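Engineer: The structure is given below, and queries will be raised subsequently.
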Amino acid sequence: GSFGGSYAEYDLNTQCWDMQFVRAGAALNDVISVGDNVYAGGDSGTLLKNGQAVAEMGSLCNFLVKTKHRLLTGGQMGTLWDAENGEEIHSHYSPLNCGVLLQSDTYNYVAIGTYTGEVLVFEESETGSFALVKQIKIYENAVKGLSFCNGILFSVCANTDISWHRVSDWVL
């Protein structure tokens, strides 16, 4: 199976994949408004800006998060990208599923949920670079959603578990 228009076939004799019928699907996984522009991304790995393709990640993308300097995306490859130019920011060992901006007077973070139950926390510098500052193993299953309000990171898991973490000290 694939996220495209058909299935791929594997030839055991040649040990090669036949991808001739797999075409990028049109499914969108996230849409975000930034100023006067609407960005969308999804299964094809194509970033759309106002309905027009502007960048290619080369793999399924599950989310979009706008920070001060960048528009972030990630998905099946476990790679966190700058969605507008395809620059790789971080590589994780499992797929990335969701993300949220965490901002206050004292911090400027992005939290990314993974298929293996971790939340990756990145700090954005004034120049737009990112550093992984915390990795929290919250669940044994995929993090399916993240939200942030009043200093609290709320997360939900594929198995219906939920948690709240205080961002100032990461206490559960």
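Note on naming: chains are A, B, ... as they come in the structure tokens, residues start from 1 per chain, ligands start from 1 in the order shown.
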Give me every strand (DSSP E or B) residue in chain A, going by DSSP on the backbone, as number ranges by chain.
Structural biologist: A: 9-11, 16-18, 28-34, 37-42, 46-49, 52-56, 61-66, 71-75, 79-82, 88-91, 96-103, 108-114, 118-124, 130-137, 143-149, 152-157, 162-166, 171
Engineer: Do a neighbour search on range 58-72 of chain A at 6 Å with only C-alpha atoms, toss out local chain neighbours closer than 4 positions, and write the hits as a list of chain:residue names.
Structural biologist: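 Contacts, in chain order: A:Asn29, A:Asp30, A:Gly42, A:Asp43, A:Ser44, A:Gly45, A:Gln76, A:Trp81, A:Asp82, A:Ala83, A:Asn97, A:Cys98, A:Gly128.
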Engineer: Any chance you can output those residues with N, CA and C atoms as an mmCIF file, in the first residue's frame?
Structural biologist:
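Here's the written file selection20.cif:
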data_model
loop_
_atom_site.group_PDB
_atom_site.id
_atom_site.type_symbol
_atom_site.label_atom_id
_atom_site.label_comp_id
_atom_site.auth_asym_id
_atom_site.auth_seq_id
_atom_site.Cartn_x
_atom_site.Cartn_y
_atom_site.Cartn_z
ATOM 1 N N ASN A 29 -3.202 17.245 5.007
ATOM 2 C CA ASN A 29 -3.181 16.916 6.425
ATOM 3 C C ASN A 29 -3.177 18.140 7.320
ATOM 4 N N ASP A 30 -2.807 19.299 6.776
ATOM 5 C CA ASP A 30 -2.839 20.527 7.573
ATOM 6 C C ASP A 30 -2.944 21.731 6.651
ATOM 7 N N GLY A 42 0.387 17.844 2.755
ATOM 8 C CA GLY A 42 -0.265 16.563 2.996
ATOM 9 C C GLY A 42 0.530 15.381 2.505
ATOM 10 N N ASP A 43 -0.204 14.373 2.046
ATOM 11 C CA ASP A 43 0.365 13.077 1.713
ATOM 12 C C ASP A 43 1.406 13.135 0.602
ATOM 13 N N SER A 44 1.287 14.081 -0.316
ATOM 14 C CA SER A 44 2.234 14.143 -1.435
ATOM 15 C C SER A 44 3.575 14.743 -1.048
ATOM 16 N N GLY A 45 3.638 15.451 0.090
ATOM 17 C CA GLY A 45 4.873 16.128 0.475
ATOM 18 C C GLY A 45 5.065 17.466 -0.210
ATOM 19 N N GLN A 76 6.313 11.329 7.583
ATOM 20 C CA GLN A 76 6.643 9.917 7.518
ATOM 21 C C GLN A 76 8.137 9.616 7.609
ATOM 22 N N TRP A 81 11.394 19.713 8.533
ATOM 23 C CA TRP A 81 11.869 20.560 7.445
ATOM 24 C C TRP A 81 11.392 21.998 7.590
ATOM 25 N N ASP A 82 12.140 22.921 6.994
ATOM 26 C CA ASP A 82 11.630 24.242 6.675
ATOM 27 C C ASP A 82 10.765 24.019 5.436
ATOM 28 N N ALA A 83 9.476 24.194 5.575
ATOM 29 C CA ALA A 83 8.544 23.841 4.503
ATOM 30 C C ALA A 83 8.710 24.708 3.262
ATOM 31 N N ASN A 97 4.270 13.470 13.718
ATOM 32 C CA ASN A 97 2.824 13.444 13.529
ATOM 33 C C ASN A 97 2.124 14.781 13.712
ATOM 34 N N CYS A 98 2.653 15.660 14.564
ATOM 35 C CA CYS A 98 1.946 16.907 14.871
ATOM 36 C C CYS A 98 2.925 17.897 15.476
ATOM 37 N N GLY A 128 16.723 32.106 13.481
ATOM 38 C CA GLY A 128 15.890 31.099 12.840
ATOM 39 C C GLY A 128 16.453 29.700 12.861
#
Engineer: Determine, counting only C-alpha atoms, which protein, DNA and RNA residues have an atom within 12 Å of an atom of Val171 in chain A; residues of the same chain fewer than 3 positions away are not included. Present the result as an NGL selection string.
Structural biologist: :A and (136 or 138 or 151-153 or 163-168)
Engineer: So which one's closest to Tyr115 in chain A, A:Leu80, A:Leu28, A:Ala142, A:Val100? Using only C-alpha atoms, please.
Structural biologist: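 Answer, going by the shortest atom-to-atom distance: A:Ala142.
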